[in-house]
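Heads up, the thing below is written out as structure tokens.
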Amino acid sequence: MSLFIDEQFLFFMNVDHYVTSFSYLQIPKRDNLPPFFRRLLERIMRNGVLPFVRILSLILDSGFSFKGVKRFPEYMLEMSDGTKLATDVYLPKKVYKKRSKCPTMLIRLPYWKDSFSYLAHFYAIHGFAVVLQDVRGCAHSEGFNFYLLADRSDGLETLQWIKKQFWYNGKIGMNGGSYFGLTQLCVSFKNEGILTCISPAICSTLNLWNSSGGLNIHSLTTAMYRILLNITVNREKPPVDLLPREIQERYLNPTTALYNDPLEKQSSILKFSDFKDLNLDKVKRKIAEHYLNNHVNFKKRNFSLFFKFLNDFLFHQKIEKDTERMLGLLDYAVEHVEQPVFMLAGWQDMFLEHQLKDFLELQKNANDFVKKHSKMVIGPWAHAESGHPESTLFNAGMLMFYKLFLNKQWFDYWLKEKRSTFTDIDKPPIKYWVMGRNLWRYTDYWPPKEIRYRKLYLHSDGDANSMKVHGKLSPKYPKEEPPDQYEFDPMNPVITRGGRNLDILKGSHDQKDAEQRLDVLVYTSNVLQKGIEITGLVKMVLFAASSAQDTDFMVKLVDVFPNGKAYNILDAGIRARFRNGISAPSLINPDEIIKYTIELGNTSNLFRKGHRIRLEITSSNFPRFDINSNLGGKGKPFEYMKAVQKIYHDKNHPSYLIMPVYSKSNK
């Protein structure tokens with residue numbers, strides 16, 4: 001696999017620089033399932049899935065069904081450019097025998113459709129025709145993997161094909177999460193009303209790379225590389241995703257994450273915005289011209305070209321991600337969304353901030369019909385995993401996630417016109433889970449009108465990195481206090497332990513390892529005499545100085561339980577050069593005290609009576625984010641310097657947390 005990575009990168013691969021491990025990050029490296037059981041599971045999923053789906057349906061409160069399913073042989077559906085997409089059709093057996101009509105569920109995904117046959121069987125036993133399709137360039141489908149750029153045109157053509165089938169009754173829905181949530185959003189607008197409803201989960205139209213205070217989402221980018229590599233190279237789903245040495249380095253070796261871009265952005269050869277308003281033929285032409293290969297056959301995989309595209313897109317930063325929207329959604333217009341949308345999100349999911357903005361934009365600018373009937377549910381989940389230690393089978397745990405993911409009641413309401421099934425249709429549009437209080441709540445607005453903002457100020461005697469003392473969080477305004485100080489060594493970064501991640505450990509976990517470090521400042525409130533609920537956007541105002549001309553500051557909000565375990569709720573950071581925005585980078589003067597405003601993100605969490613509120617402040621969070629070299633764009637690749645960081649919290653430089661405190665009395 002090393003042929004896709006440049007030689008300079010290979011030169012710096014060194015196991016001596018590893019600062020963490022796959023077990024700590026909880027990344028599967030090998031298949032731990034014995035071959036016999038793996039083959040048995042594959043056989044069950046291929047041939048014995050129906051009993052499993054019937055039981056699953058009962059567990060998820062979707063009803064038990066004895067109805068049979070007719071699965072047609074794989075059909076290669078030809079697109080207008082001649083590329084064929086692997087497509088499976090599942091029909092309720094009764095519909096197949098009588099050649100009658102029923103609503104259709106379209107699911108377009110890159111993750112090997114055969115491994116998701118249980119989804120198709122689930123909907124088919126409940127009376128839906130299901131079209132399950134591998135997207136272009138992935139799994140069994142032909143063609144080049146354009147990463148979303150072909151998914152609008154391919155999706156619309158597939159919808160038109162469905163209209164011509166004997167079972168088509170005028171109603172089509174779409175479902176799926178993450179990438180196959182994006183394939184729904186790609187066709188959600190200007191679609192001539194062909195879709196009746198959609199249910200995109202844990203995904204967003206907005207560009208994931210436009211966030212994080214100027215920080216680069218290092219592990220997420222690495223995970224996407226790994227995923228795109230696997231779905232493109234492997235016709236069948238492998239037991240464990242490919243994990244070549246180069247990708248291992250990016251997770252474990254901080255050298256691979258060093259950031260030292262020049263202050264003035266170099267003109268990139270290719271930009272996301274270059275693809276705006278281009279149809280698929282023009283997209284092909286643009287890529288062919290860029291790689292000086294006008295004879296490329298885009299009906300084939302073309303691995304050599306794909307690896308160049310993938311490296312430029314994700315590793316080498318040679319394709320500038322300069323747009324508001326994701327590829328495939330560059331022309332998205334919310335006012336042209338033509339069907340109700342059900343968005344499923346999680347407080348610990350990487351898409352949460354973007355997805356919430358998507359829904360608020362829908363509520364503001366969509367047509368009245370879409371506004372009235374669209375819904376958003378935010379639970380305590382990470383990216384299709386549990387996100388909070390108190391999520392259980394009996395509240396908002398993963399059973400609830402999968403029930404809402406399958407969303408049978410929503411599809412029954414819109415596709416079968418069973419108006420009694422979806423009981424939330426007339427309730428406020430946003431339903432969210434309050435962590436710690438462990439209950440669901442509805443709201444018409446975000447943030448809710450019941451919040452008021454309160455400040456908690458940082459305090460210490462200059463010893464906030466002492467394990468025995470720590471700093472304090474208090475509503476009391478500071479007076480004269482010495483700053484806290486620590487040394488930031490880019491080659492000894494703080495290791496990520498949970499949060500809004502894709503592949504590495506997700507969700508809320510005990511932060512004891514980070515809090516024992518001398519380069520992590522810890523500020524903790526007194527034990528709460530009564531609970532404090534925060535619901536909305538949390539911010540941090542931080543006064544800080546650095547010996548470097550460019551550096552990073554990270555802030556983590558933590559819920560400390562009575563047993564001493566400290567669970568992360570939110571974390572974010574800022575790159576000093578981008579303190580005035582991504583479009584206005586500038587270096588800082590060494591040792592100058594600068595005010596930073598950091599958005600930690602949205603959440604809803606009750607810090608219960610007996611708990612404590614805690615902040616952790618440091619300068620790295622690897623491998624979640626890349627690591628500042630502290631060189632301000634100077635020096636050679638892979639060089640770095642240590643920096644002395646000072647955090648101020650005196651009367652002239654009050655650093656404080658801004659909390660959206662919820663109370664019914666605030667109405």
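Just remember, in the structure tokens the first chain shown is A, the second B, etc., residues are 1-based per chain, and ligands are 1-based in the order shown.
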
What parts of stretch 302-514 of chain A does DSSP call strand (DSSP E or B)? I'd like the answer as a VMD selection string. chain A and resid 319 to 320 325 337 341 to 346 375 to 379 381 386 430 to 435 439 to 443 451 to 459 471 to 474 484 to 488 495 499 507 510

Report as CSV the residues of stretch 351-424 of chain A within 12 Å of stretch 489-509 of chain A, each with its shortest atom pair and distance in Å (one decimal), using only C-alpha atoms, ordered by chain and increasing residue number.
residue,atom,partner,partner_atom,distance
A:Phe351,CA,A:Arg500,CA,8.1
A:Leu352,CA,A:Arg500,CA,8.5
A:Glu353,CA,A:Arg500,CA,10.3
A:Gly379,CA,A:Gly507,CA,11.9
A:Pro380,CA,A:Gly507,CA,8.7
A:Trp381,CA,A:Gly507,CA,7.3
A:Ala382,CA,A:Gly507,CA,5.5
A:His383,CA,A:Leu502,CA,6.4
A:Ala384,CA,A:Leu502,CA,9.3
A:Glu385,CA,A:Lys506,CA,7.6
A:Ser386,CA,A:Gly507,CA,6.9
A:Gly387,CA,A:Gly507,CA,4.0
A:His388,CA,A:Ser508,CA,5.2
A:Pro389,CA,A:Ser508,CA,6.8
A:Glu390,CA,A:Ser508,CA,9.9
A:Ser391,CA,A:Ser508,CA,10.7

Stretch 477-515 of chain A: which residues are alpha helix (DSSP H) by DSSP, as a ChimeraX atom specification? /A:512-515

Gap from atom CA of A:Asn526 to atom CA of A:Tyr656 - Å, one decimal: 15.6 Å

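For the choices A:Asn234, A:Thr597, A:Gln26, A:Ser199, the atom-to-atom distance to A:Cys138 is smallest for A:Asn234 when using only C-alpha atoms.
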
Taking 3 positions as the minimum chain separation for residues in the same chain, which residues sit within 7 Å of A:Lys171 when counting only C-alpha atoms? Answer as number ranges by chain. A: 103-104, 195-196, 415

I'd like the contact shell of A:Val95 - 9 Å cut-off, only C-alpha atoms, skipping same-chain residues fewer than 6 positions apart - returned as a CSV table (one decimal) with all heavy atoms, in the first residue's frame.
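What ended up in result.csv:
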chain,number,residue,atom,x,y,z
A,101,LYS,N,-48.9,-3.0,-6.3
A,101,LYS,CA,-48.1,-1.8,-6.1
A,101,LYS,C,-47.9,-1.5,-4.6
A,101,LYS,O,-48.7,-2.0,-3.7
A,101,LYS,CB,-48.8,-0.5,-6.7
A,101,LYS,CG,-48.9,-0.6,-8.2
A,101,LYS,CD,-49.5,0.6,-8.8
A,101,LYS,CE,-49.6,0.5,-10.3
A,101,LYS,NZ,-48.3,0.3,-11.0
A,102,CYS,N,-46.8,-0.8,-4.2
A,102,CYS,CA,-46.5,-0.5,-2.9
A,102,CYS,C,-45.5,0.6,-2.8
A,102,CYS,O,-44.9,0.9,-3.8
A,102,CYS,CB,-46.0,-1.7,-2.1
A,102,CYS,SG,-44.3,-2.3,-2.7
A,127,GLY,N,-43.9,-4.3,4.1
A,127,GLY,CA,-44.7,-3.8,3.0
A,127,GLY,C,-44.1,-2.8,2.1
A,127,GLY,O,-44.8,-2.2,1.3
A,129,ALA,N,-41.3,-2.0,-1.0
A,129,ALA,CA,-40.3,-2.4,-2.0
A,129,ALA,C,-39.0,-1.7,-1.6
A,129,ALA,O,-39.0,-0.5,-1.2
A,129,ALA,CB,-40.7,-2.0,-3.4
A,167,TRP,N,-44.2,-2.0,-9.5
A,167,TRP,CA,-44.7,-1.9,-8.1
A,167,TRP,C,-44.8,-0.4,-7.7
A,167,TRP,O,-45.5,-0.1,-6.7
A,167,TRP,CB,-43.8,-2.6,-7.1
A,167,TRP,CG,-42.4,-1.9,-7.0
A,167,TRP,CD1,-42.2,-0.8,-6.2
A,167,TRP,CD2,-41.2,-2.2,-7.6
A,167,TRP,NE1,-40.8,-0.4,-6.4
A,167,TRP,CE2,-40.2,-1.3,-7.2
A,167,TRP,CE3,-40.8,-3.3,-8.5
A,167,TRP,CZ2,-38.9,-1.4,-7.6
A,167,TRP,CZ3,-39.5,-3.3,-8.9
A,167,TRP,CH2,-38.6,-2.4,-8.5

Residue with smallest distance to A:Asp513 - pool A:Asp463, A:Asp484, A:Glu192, A:Glu616, counting only C-alpha atoms: A:Glu616

Extract, using only C-alpha atoms, all DNA, RNA and protein residues at most 7 Å from A:Ile627, discarding same-chain residues fewer than 4 positions from it, and format them as a PDB file with N, CA, C and O atoms, in the first residue's frame.
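Listed below is the output, part-v6.pdb:
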ATOM      1  N   ALA A 257       1.366  14.582  12.148  1.00  0.00           N
ATOM      2  CA  ALA A 257       0.265  15.529  12.363  1.00  0.00           C
ATOM      3  C   ALA A 257       0.744  16.960  12.549  1.00  0.00           C
ATOM      4  O   ALA A 257      -0.061  17.849  12.830  1.00  0.00           O
ATOM      5  N   LEU A 258       2.035  17.196  12.400  1.00  0.00           N
ATOM      6  CA  LEU A 258       2.563  18.540  12.637  1.00  0.00           C
ATOM      7  C   LEU A 258       2.005  19.544  11.626  1.00  0.00           C
ATOM      8  O   LEU A 258       2.025  19.314  10.414  1.00  0.00           O
ATOM      9  N   TYR A 259       1.537  20.669  12.143  1.00  0.00           N
ATOM     10  CA  TYR A 259       0.999  21.741  11.298  1.00  0.00           C
ATOM     11  C   TYR A 259       1.990  22.900  11.278  1.00  0.00           C
ATOM     12  O   TYR A 259       2.404  23.407  12.331  1.00  0.00           O
ATOM     13  N   PRO A 490       5.130  19.558  21.156  1.00  0.00           N
ATOM     14  CA  PRO A 490       4.348  18.904  20.095  1.00  0.00           C
ATOM     15  C   PRO A 490       4.620  17.413  19.937  1.00  0.00           C
ATOM     16  O   PRO A 490       3.776  16.686  19.417  1.00  0.00           O
ATOM     17  N   SER A 620      -3.000  20.497  22.987  1.00  0.00           N
ATOM     18  CA  SER A 620      -3.032  19.435  21.977  1.00  0.00           C
ATOM     19  C   SER A 620      -4.121  18.437  22.317  1.00  0.00           C
ATOM     20  O   SER A 620      -4.542  18.318  23.473  1.00  0.00           O
TER      21      SER A 620
END

Go through A:Lys164, A:Lys29, A:Lys565, A:His649 and flag the residue nearest A:Ile593, using only C-alpha atoms for the distances. A:His649

Surrounding residues of A:Leu159 excluding itself and chain neighbours under 3 positions, 10 Å, only C-alpha atoms, as JSON, numbers by chain: {"A": [104, 106, 131, 153, 154, 155, 156, 162, 163, 164, 172, 187, 191, 194, 195]}

Between atom CA of A:His295 and atom CA of A:Gly143, what is the distance in Å, rounded to a tenth?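 So the two atoms, atom CA of A:His295 and atom CA of A:Gly143, lie 14.6 Å apart.
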
Got a sec: who's within 10 Å of A:Lys299, counting only C-alpha atoms, leaving out chain neighbours fewer than 5 positions off, as a CSV table (one decimal) with C-alpha atoms, in the first residue's frame?
chain,number,residue,atom,x,y,z
A,81,ASP,CA,-22.8,7.7,-19.1
A,82,GLY,CA,-22.8,3.9,-19.4
A,83,THR,CA,-21.5,3.1,-15.9
A,84,LYS,CA,-23.4,0.3,-14.2
A,136,ARG,CA,-20.5,4.4,-8.1
A,137,GLY,CA,-16.9,3.2,-7.7
A,141,SER,CA,-20.6,-1.1,-8.8
A,142,GLU,CA,-18.5,0.0,-11.7
A,143,GLY,CA,-16.8,3.3,-12.2
A,144,PHE,CA,-14.6,5.8,-10.5
A,145,ASN,CA,-15.2,6.8,-6.9

Taking only C-alpha atoms into account, produce a table as a tab-separated table in which each residue of stretch 426-474 of chain A with an atom at most 12 Å from an atom of stretch 542-560 of chain A appears once, together with its shortest atom pair and the distance in Å to one decimal, ordered by chain and rising number.
residue	atom	partner	partner_atom	distance
A:Met435	CA	A:Asp559	CA	10.7
A:Gly436	CA	A:Asp559	CA	9.5
A:Leu456	CA	A:Leu557	CA	11.9
A:Tyr457	CA	A:Leu542	CA	10.0
A:Leu458	CA	A:Leu542	CA	9.3
A:Leu473	CA	A:Leu557	CA	11.5
